[in-house]
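*Asks:* Provided below: entry16.tsv, containing TSV, C-alpha atoms.
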chain	number	residue	atom	x	y	z
J	25	MET	CA	-21.76	23.09	-9.01
J	26	GLU	CA	-23.98	23.05	-12.07
J	27	HIS	CA	-22.52	24.22	-15.38
J	28	LYS	CA	-25.24	25.34	-17.77
J	29	LEU	CA	-24.54	26.08	-21.40
J	30	GLU	CA	-26.65	29.22	-21.18
J	31	ASP	CA	-24.29	30.52	-18.50
J	32	ILE	CA	-21.02	30.05	-20.41
J	33	ILE	CA	-22.65	31.50	-23.53
J	34	ALA	CA	-23.93	34.55	-21.63
J	35	ILE	CA	-20.63	35.12	-19.82
J	36	PHE	CA	-18.58	34.89	-23.02
J	37	ASN	CA	-20.98	37.08	-25.00
J	38	GLN	CA	-21.11	39.72	-22.25
J	39	CYS	CA	-17.32	39.88	-22.28
J	40	PHE	CA	-16.71	39.94	-26.02
J	41	GLU	CA	-19.77	40.47	-28.20
J	42	GLU	CA	-19.65	44.24	-28.26
J	43	GLU	CA	-15.90	44.87	-28.49
J	44	TYR	CA	-14.97	41.91	-30.72
J	45	ASN	CA	-18.29	41.25	-32.53
J	46	THR	CA	-17.92	37.62	-31.45
J	47	ARG	CA	-20.51	35.23	-30.04
J	48	LEU	CA	-20.30	31.77	-28.54
J	49	VAL	CA	-22.95	29.52	-30.12
J	50	LYS	CA	-24.08	25.98	-29.35
J	51	GLY	CA	-23.24	23.99	-32.48
J	52	GLY	CA	-23.71	20.54	-33.95
J	53	ASP	CA	-21.34	17.57	-34.17
J	54	GLU	CA	-18.18	19.46	-35.06
J	55	PRO	CA	-16.88	22.69	-33.55
J	56	ILE	CA	-15.91	25.50	-35.90
J	57	TYR	CA	-15.10	29.19	-35.89
J	58	ILE	CA	-16.67	31.26	-38.67
J	59	PRO	CA	-15.71	34.92	-39.07
J	60	ALA	CA	-18.42	37.44	-39.83
J	61	ASN	CA	-19.62	37.28	-43.43
J	62	ASP	CA	-22.53	38.27	-45.69
J	63	GLU	CA	-24.82	35.68	-44.08
J	64	VAL	CA	-23.90	36.13	-40.40
J	65	PRO	CA	-22.83	39.63	-39.30
J	66	TYR	CA	-20.81	38.46	-36.28
J	67	ASN	CA	-17.89	36.11	-35.65
J	68	ALA	CA	-19.25	32.81	-34.35
J	69	ILE	CA	-17.53	30.22	-32.18
J	70	TYR	CA	-19.61	27.06	-32.55
J	71	PHE	CA	-18.89	24.45	-29.89
J	72	ALA	CA	-19.75	20.79	-30.34
J	73	ARG	CA	-22.84	18.92	-29.22
J	74	GLY	CA	-23.72	21.23	-26.40
J	75	PHE	CA	-20.78	20.20	-24.22
J	76	TYR	CA	-19.50	22.71	-21.69
J	77	SER	CA	-15.99	21.30	-22.13
J	78	SER	CA	-16.20	21.87	-25.90
J	79	ALA	CA	-17.20	25.49	-25.28
J	80	LEU	CA	-14.11	26.02	-23.10
J	81	HIS	CA	-11.88	24.31	-25.68
J	82	GLU	CA	-13.13	26.41	-28.59
J	83	ILE	CA	-12.96	29.58	-26.52
J	84	ALA	CA	-9.31	28.79	-25.77
J	85	HIS	CA	-8.58	28.59	-29.51
J	86	TRP	CA	-10.20	32.01	-29.98
J	87	LEU	CA	-8.23	33.49	-27.09
J	88	VAL	CA	-4.94	32.27	-28.58
J	89	ALA	CA	-5.74	33.48	-32.10
J	90	GLY	CA	-4.40	36.90	-33.01
J	91	LYS	CA	-6.32	39.57	-34.93
J	92	GLU	CA	-5.40	38.22	-38.38
J	93	ARG	CA	-6.15	34.58	-37.52
J	94	ARG	CA	-9.57	35.63	-36.22
J	95	LYS	CA	-10.39	36.71	-39.79
J	96	LEU	CA	-9.95	33.10	-41.03
J	97	GLU	CA	-12.34	30.16	-40.80
J	98	ASP	CA	-11.18	27.95	-37.93
J	99	PHE	CA	-8.38	30.49	-37.44
J	100	GLY	CA	-6.60	29.00	-40.46
J	101	TYR	CA	-5.67	25.84	-38.52
J	102	TRP	CA	-5.26	22.58	-40.33
J	103	TYR	CA	-7.31	19.81	-38.85
J	104	GLU	CA	-6.72	16.14	-39.19
J	105	PRO	CA	-9.72	14.13	-38.02
J	106	ASP	CA	-9.88	11.52	-35.30
J	107	GLY	CA	-7.83	8.41	-36.09
J	108	ARG	CA	-4.42	10.11	-36.27
J	109	SER	CA	-1.19	8.11	-36.03
J	110	GLU	CA	1.07	8.68	-33.04
J	111	GLU	CA	3.35	10.88	-35.17
J	112	ARG	CA	0.48	13.02	-36.49
J	113	GLN	CA	-0.88	13.19	-32.94
J	114	ARG	CA	2.36	14.86	-31.77
J	115	ASP	CA	1.96	17.44	-34.58
J	116	PHE	CA	-1.66	17.99	-33.55
J	117	GLU	CA	-0.64	18.52	-29.92
J	118	LYS	CA	1.77	21.29	-30.87
J	119	VAL	CA	-1.27	23.32	-31.93
J	120	GLU	CA	-3.39	22.20	-28.99
J	121	VAL	CA	-0.87	22.77	-26.22
J	122	LYS	CA	-2.45	25.82	-24.63
J	123	ALA	CA	-3.16	26.07	-20.94
J	124	LEU	CA	-6.00	28.56	-21.25
J	125	GLU	CA	-8.67	25.84	-21.35
J	126	TRP	CA	-7.44	24.44	-18.02
J	127	ILE	CA	-7.22	27.91	-16.47
J	128	LEU	CA	-10.77	28.76	-17.62
J	129	ALA	CA	-12.13	25.43	-16.41
J	130	THR	CA	-10.55	26.01	-12.99
J	131	ALA	CA	-12.01	29.52	-12.82
J	132	ALA	CA	-15.43	27.99	-13.57
J	133	GLY	CA	-15.01	25.21	-11.02
J	134	PHE	CA	-15.21	22.69	-13.87
J	135	ARG	CA	-13.15	19.49	-14.14
J	136	TYR	CA	-10.54	19.71	-16.90
J	137	PHE	CA	-9.23	16.72	-18.82
J	138	ALA	CA	-6.32	17.09	-21.23
J	139	SER	CA	-7.93	15.50	-24.25
J	140	ALA	CA	-5.93	13.79	-26.97
J	141	ASP	CA	-8.96	14.36	-29.21
J	142	ASN	CA	-8.10	11.14	-31.01
J	143	LEU	CA	-10.54	8.48	-29.83
J	144	ASN	CA	-10.09	6.21	-32.86
J	145	GLY	CA	-6.36	6.63	-33.27
J	146	ASN	CA	-3.19	5.98	-31.34
J	147	PRO	CA	-2.53	8.90	-29.02
J	148	GLY	CA	0.68	7.32	-27.70
J	149	ASP	CA	2.22	8.73	-24.53
J	150	THR	CA	0.17	11.78	-23.55
J	151	GLN	CA	2.26	12.63	-20.48
J	152	PRO	CA	4.62	15.04	-22.32
J	153	PHE	CA	1.57	16.90	-23.67
J	154	LYS	CA	0.05	17.16	-20.19
J	155	GLN	CA	3.36	18.36	-18.75
J	156	ALA	CA	3.68	20.99	-21.48
J	157	VAL	CA	0.20	22.29	-20.68
J	158	TYR	CA	1.11	22.46	-16.98
J	159	GLU	CA	4.31	24.37	-17.80
J	160	GLN	CA	2.19	26.94	-19.64
J	161	VAL	CA	-0.11	27.27	-16.63
J	162	LYS	CA	2.99	28.04	-14.51
J	163	THR	CA	4.13	30.67	-17.01
J	164	TYR	CA	0.71	32.34	-17.02
J	165	ALA	CA	0.63	32.26	-13.21
J	166	GLU	CA	4.00	34.07	-13.16
J	167	LYS	CA	3.57	36.52	-16.01
J	168	GLY	CA	-0.19	36.95	-16.23
J	169	LEU	CA	-2.69	36.17	-18.96
J	170	PRO	CA	-3.29	38.04	-22.21
J	171	LYS	CA	-6.04	40.69	-21.91
J	172	ARG	CA	-8.95	38.71	-23.41
J	173	ALA	CA	-8.07	35.56	-21.46
J	174	GLU	CA	-7.83	37.51	-18.19
J	175	THR	CA	-11.17	39.20	-18.88
J	176	LEU	CA	-12.91	35.84	-19.27
J	177	ARG	CA	-11.04	34.15	-16.42
J	178	HIS	CA	-12.10	36.95	-14.09
J	179	ALA	CA	-15.73	36.85	-15.28
J	180	LEU	CA	-15.91	33.08	-14.77
J	181	ALA	CA	-14.41	33.34	-11.27
J	182	GLN	CA	-16.92	36.04	-10.37
J	183	PHE	CA	-19.90	34.10	-11.74
J	184	TYR	CA	-18.97	30.76	-10.18
J	185	GLY	CA	-17.59	32.18	-6.93
J	186	THR	CA	-14.14	30.66	-7.33
J	187	GLU	CA	-10.77	32.12	-6.37
J	188	ASP	CA	-10.03	35.09	-8.61
J	189	ARG	CA	-6.40	34.25	-9.36
J	190	ILE	CA	-4.33	31.44	-10.84
J	191	ASP	CA	-3.40	29.34	-7.82
J	192	LEU	CA	-0.89	26.67	-8.87
J	193	ALA	CA	-2.03	24.48	-5.98
J	194	LYS	CA	-5.25	23.92	-7.93
J	195	PHE	CA	-3.37	22.55	-10.98
J	196	ASP	CA	-2.27	18.92	-10.64
J	197	VAL	CA	-0.84	17.40	-13.82
J	198	THR	CA	-1.48	13.88	-12.50
J	199	ARG	CA	-5.24	14.52	-12.44
J	200	ILE	CA	-5.69	15.61	-16.05
Output the file's structure in the form of structure tokens.
*Replies:*
Amino acid sequence: MEHKLEDIIAIFNQCFEEEYNTRLVKGGDEPIYIPANDEVPYNAIYFARGFYSSALHEIAHWLVAGKERRKLEDFGYWYEPDGRSEERQRDFEKVEVKALEWILATAAGFRYFASADNLNGNPGDTQPFKQAVYEQVKTYAEKGLPKRAETLRHALAQFYGTEDRIDLAKFDVTRI
């Protein structure tokens, strides 16, 4: 299955541009979320280097962010660049541990990798992080997704012709 950037951009924008004044935009080297301002009249989610996986990752941040956080650049998150120590990596993972990216990737028929996002540092043991993400997938499968996440998951499943539900059999923590 081919995953074109134009498709994920169009799907996201069709779901959210009108109601949330938010667009997904192909960005440069670093991803960033910029709320609407005097220069750009819409909220912009810029994903890195034209990577489909980066688009899904940044979308997941947007889906987790509440109304007030969506008014802040990068949702008000702190960011420590690549090269983090193992201790700082654990702190970083507490912010990153959201299963929505994996759920969206599965709905799009796209391979998900739980990224430590720390290529030049010491990620340490990533298994607890991966297990925590899987536990969140199980919770969402039981209790359902938040409204915006469900809207996008459904749209991706429709576009890519995948199963239109969270099937736990499709989520294997040993493969991420």
*Asks:* Measuring between only C-alpha atoms, which one of J:Ala68, J:Thr186, J:Asp149, J:Glu63 shows the shortest distance to Glu110 (chain J)?
*Replies:*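 Distance minimum relative to Glu110 (chain J) lands on J:Asp149.
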*Asks:* Taking all atoms listed in the file into account, which of J:Leu80, J:Ala131, J:Leu192, J:Ile33 comes nearest Tyr164 (chain J)?
*Replies:*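 Answer, going by the shortest atom-to-atom distance: J:Leu192.
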*Asks:* Counting only C-alpha atoms, what is within 9 Å of region 70-75 of chain J, bar same-chain residues fewer than 6 positions away, as a list in words?
*Replies:* Leu29, Arg47, Leu48, Val49, Lys50, Gly51, Gly52, Asp53, Glu54, Pro55, Ile56, Tyr57, Ile58, His81, Glu82 and Ile83 of chain J
*Asks:* Rounded to one decimal, what separation in Å do you get between CA of Tyr101 (chain J) and CA of Pro152 (chain J)?
*Replies:* 22.0 Å
*Asks:* Can you work out which one of J:Ala179, J:Ala138, J:Ala173, J:Ile35 has the shortest atom-to-atom distance to Ala84 (chain J), counting only C-alpha atoms?
*Replies:*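 Nearest to Ala84 (chain J): J:Ala173.
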*Asks:* Tell me which protein, DNA and RNA residues are within 12 Å of Ala193 (chain J), counting only C-alpha atoms, leaving out same-chain ones fewer than 4 positions away, and put them as a ChimeraX atom specification.
*Replies:* /J:130,158,161-162,165,187,189,197
*Asks:* Write out the residues from the selection above, keeping C-alpha atoms, as a PDB file, in the coordinates of the input.
*Replies:*
ATOM      1  CA  THR J 130     -10.550  26.010 -12.990  1.00  0.00           C
ATOM      2  CA  TYR J 158       1.110  22.460 -16.980  1.00  0.00           C
ATOM      3  CA  VAL J 161      -0.110  27.270 -16.630  1.00  0.00           C
ATOM      4  CA  LYS J 162       2.990  28.040 -14.510  1.00  0.00           C
ATOM      5  CA  ALA J 165       0.630  32.260 -13.210  1.00  0.00           C
ATOM      6  CA  GLU J 187     -10.770  32.120  -6.370  1.00  0.00           C
ATOM      7  CA  ARG J 189      -6.400  34.250  -9.360  1.00  0.00           C
ATOM      8  CA  VAL J 197      -0.840  17.400 -13.820  1.00  0.00           C
TER       9      VAL J 197
END
*Asks:* Just give me the gap between CA of Leu169 (chain J) and CA of Val88 (chain J) in Å, one decimal is fine.
*Replies:*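 Those two atoms sit 10.6 Å apart.
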*Asks:* Taking 4 positions as the minimum chain separation for residues in the same chain, which residues sit within 12 Å of Glu159 (chain J) when counting only C-alpha atoms? Answer as a ChimeraX atom specification.
*Replies:* /J:121-124,126,152-155,163-166,192,195-197
*Asks:* Only C-alpha atoms, please: the residues just picked out, written as a PDB file, in the frame of the given file.
*Replies:*
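Final output, saved to result-v3.pdb:
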ATOM      1  CA  VAL J 121      -0.870  22.770 -26.220  1.00  0.00           C
ATOM      2  CA  LYS J 122      -2.450  25.820 -24.630  1.00  0.00           C
ATOM      3  CA  ALA J 123      -3.160  26.070 -20.940  1.00  0.00           C
ATOM      4  CA  LEU J 124      -6.000  28.560 -21.250  1.00  0.00           C
ATOM      5  CA  TRP J 126      -7.440  24.440 -18.020  1.00  0.00           C
ATOM      6  CA  PRO J 152       4.620  15.040 -22.320  1.00  0.00           C
ATOM      7  CA  PHE J 153       1.570  16.900 -23.670  1.00  0.00           C
ATOM      8  CA  LYS J 154       0.050  17.160 -20.190  1.00  0.00           C
ATOM      9  CA  GLN J 155       3.360  18.360 -18.750  1.00  0.00           C
ATOM     10  CA  THR J 163       4.130  30.670 -17.010  1.00  0.00           C
ATOM     11  CA  TYR J 164       0.710  32.340 -17.020  1.00  0.00           C
ATOM     12  CA  ALA J 165       0.630  32.260 -13.210  1.00  0.00           C
ATOM     13  CA  GLU J 166       4.000  34.070 -13.160  1.00  0.00           C
ATOM     14  CA  LEU J 192      -0.890  26.670  -8.870  1.00  0.00           C
ATOM     15  CA  PHE J 195      -3.370  22.550 -10.980  1.00  0.00           C
ATOM     16  CA  ASP J 196      -2.270  18.920 -10.640  1.00  0.00           C
ATOM     17  CA  VAL J 197      -0.840  17.400 -13.820  1.00  0.00           C
TER      18      VAL J 197
END
*Asks:* To box region 54-68 of chain J, take all atoms listed in the file, fit an axis-aligned box, add 4 Å on each side, and give centre and edge lengths in Å to one decimal, as JSON.
*Replies:*
{"center_x": -20.0, "center_y": 29.5, "center_z": -39.6, "size_x": 17.7, "size_y": 28.2, "size_z": 20.1}
*Asks:* Taking the block just given, write region 181-199 of chain J to a file that holds N, CA, C and O atoms, as a PDB file, in the first residue's frame.
*Replies:*
ATOM      1  N   ALA J 181      -9.199   4.657   8.060  1.00  0.00           N
ATOM      2  CA  ALA J 181      -9.658   3.300   7.745  1.00  0.00           C
ATOM      3  C   ALA J 181     -10.493   3.302   6.467  1.00  0.00           C
ATOM      4  O   ALA J 181     -10.333   2.409   5.614  1.00  0.00           O
ATOM      5  N   GLN J 182     -11.340   4.298   6.312  1.00  0.00           N
ATOM      6  CA  GLN J 182     -12.158   4.392   5.098  1.00  0.00           C
ATOM      7  C   GLN J 182     -11.284   4.606   3.865  1.00  0.00           C
ATOM      8  O   GLN J 182     -11.460   3.938   2.849  1.00  0.00           O
ATOM      9  N   PHE J 183     -10.343   5.526   3.950  1.00  0.00           N
ATOM     10  CA  PHE J 183      -9.493   5.851   2.800  1.00  0.00           C
ATOM     11  C   PHE J 183      -8.616   4.671   2.394  1.00  0.00           C
ATOM     12  O   PHE J 183      -8.477   4.359   1.212  1.00  0.00           O
ATOM     13  N   TYR J 184      -8.005   4.011   3.380  1.00  0.00           N
ATOM     14  CA  TYR J 184      -7.058   2.936   3.080  1.00  0.00           C
ATOM     15  C   TYR J 184      -7.707   1.552   3.022  1.00  0.00           C
ATOM     16  O   TYR J 184      -7.024   0.564   2.736  1.00  0.00           O
ATOM     17  N   GLY J 185      -8.995   1.473   3.296  1.00  0.00           N
ATOM     18  CA  GLY J 185      -9.699   0.199   3.199  1.00  0.00           C
ATOM     19  C   GLY J 185      -9.289  -0.812   4.260  1.00  0.00           C
ATOM     20  O   GLY J 185      -9.270  -2.016   4.013  1.00  0.00           O
ATOM     21  N   THR J 186      -8.977  -0.308   5.449  1.00  0.00           N
ATOM     22  CA  THR J 186      -8.599  -1.192   6.550  1.00  0.00           C
ATOM     23  C   THR J 186      -9.800  -1.409   7.463  1.00  0.00           C
ATOM     24  O   THR J 186     -10.831  -0.741   7.328  1.00  0.00           O
ATOM     25  N   GLU J 187      -9.652  -2.316   8.403  1.00  0.00           N
ATOM     26  CA  GLU J 187     -10.723  -2.614   9.350  1.00  0.00           C
ATOM     27  C   GLU J 187     -11.066  -1.361  10.152  1.00  0.00           C
ATOM     28  O   GLU J 187     -10.171  -0.703  10.689  1.00  0.00           O
ATOM     29  N   ASP J 188     -12.339  -1.065  10.244  1.00  0.00           N
ATOM     30  CA  ASP J 188     -12.782   0.181  10.875  1.00  0.00           C
ATOM     31  C   ASP J 188     -13.096  -0.016  12.359  1.00  0.00           C
ATOM     32  O   ASP J 188     -14.187   0.281  12.830  1.00  0.00           O
ATOM     33  N   ARG J 189     -12.114  -0.555  13.073  1.00  0.00           N
ATOM     34  CA  ARG J 189     -12.209  -0.712  14.524  1.00  0.00           C
ATOM     35  C   ARG J 189     -10.806  -0.984  15.050  1.00  0.00           C
ATOM     36  O   ARG J 189      -9.895  -1.295  14.287  1.00  0.00           O
ATOM     37  N   ILE J 190     -10.646  -0.865  16.353  1.00  0.00           N
ATOM     38  CA  ILE J 190      -9.351  -1.190  16.971  1.00  0.00           C
ATOM     39  C   ILE J 190      -9.379  -2.676  17.317  1.00  0.00           C
ATOM     40  O   ILE J 190     -10.047  -3.085  18.262  1.00  0.00           O
ATOM     41  N   ASP J 191      -8.669  -3.457  16.531  1.00  0.00           N
ATOM     42  CA  ASP J 191      -8.590  -4.897  16.721  1.00  0.00           C
ATOM     43  C   ASP J 191      -7.258  -5.207  17.404  1.00  0.00           C
ATOM     44  O   ASP J 191      -6.198  -5.085  16.785  1.00  0.00           O
ATOM     45  N   LEU J 192      -7.297  -5.602  18.668  1.00  0.00           N
ATOM     46  CA  LEU J 192      -6.069  -5.840  19.426  1.00  0.00           C
ATOM     47  C   LEU J 192      -5.162  -6.893  18.789  1.00  0.00           C
ATOM     48  O   LEU J 192      -3.949  -6.875  19.000  1.00  0.00           O
ATOM     49  N   ALA J 193      -5.715  -7.769  17.981  1.00  0.00           N
ATOM     50  CA  ALA J 193      -4.901  -8.777  17.304  1.00  0.00           C
ATOM     51  C   ALA J 193      -3.903  -8.128  16.331  1.00  0.00           C
ATOM     52  O   ALA J 193      -2.898  -8.745  15.984  1.00  0.00           O
ATOM     53  N   LYS J 194      -4.161  -6.904  15.929  1.00  0.00           N
ATOM     54  CA  LYS J 194      -3.282  -6.200  14.999  1.00  0.00           C
ATOM     55  C   LYS J 194      -2.170  -5.415  15.717  1.00  0.00           C
ATOM     56  O   LYS J 194      -1.360  -4.757  15.086  1.00  0.00           O
ATOM     57  N   PHE J 195      -2.152  -5.477  17.049  1.00  0.00           N
ATOM     58  CA  PHE J 195      -1.180  -4.725  17.843  1.00  0.00           C
ATOM     59  C   PHE J 195      -0.282  -5.699  18.602  1.00  0.00           C
ATOM     60  O   PHE J 195      -0.707  -6.321  19.567  1.00  0.00           O
ATOM     61  N   ASP J 196       0.953  -5.819  18.136  1.00  0.00           N
ATOM     62  CA  ASP J 196       1.920  -6.747  18.724  1.00  0.00           C
ATOM     63  C   ASP J 196       3.106  -5.948  19.254  1.00  0.00           C
ATOM     64  O   ASP J 196       3.883  -5.397  18.485  1.00  0.00           O
ATOM     65  N   VAL J 197       3.218  -5.871  20.565  1.00  0.00           N
ATOM     66  CA  VAL J 197       4.259  -5.058  21.198  1.00  0.00           C
ATOM     67  C   VAL J 197       5.659  -5.543  20.846  1.00  0.00           C
ATOM     68  O   VAL J 197       6.613  -4.760  20.885  1.00  0.00           O
ATOM     69  N   THR J 198       5.815  -6.783  20.451  1.00  0.00           N
ATOM     70  CA  THR J 198       7.146  -7.297  20.098  1.00  0.00           C
ATOM     71  C   THR J 198       7.589  -6.848  18.717  1.00  0.00           C
ATOM     72  O   THR J 198       8.757  -6.994  18.358  1.00  0.00           O
ATOM     73  N   ARG J 199       6.676  -6.269  17.943  1.00  0.00           N
ATOM     74  CA  ARG J 199       7.015  -5.835  16.577  1.00  0.00           C
ATOM     75  C   ARG J 199       7.210  -4.325  16.453  1.00  0.00           C
ATOM     76  O   ARG J 199       7.363  -3.814  15.362  1.00  0.00           O
TER      77      ARG J 199
END
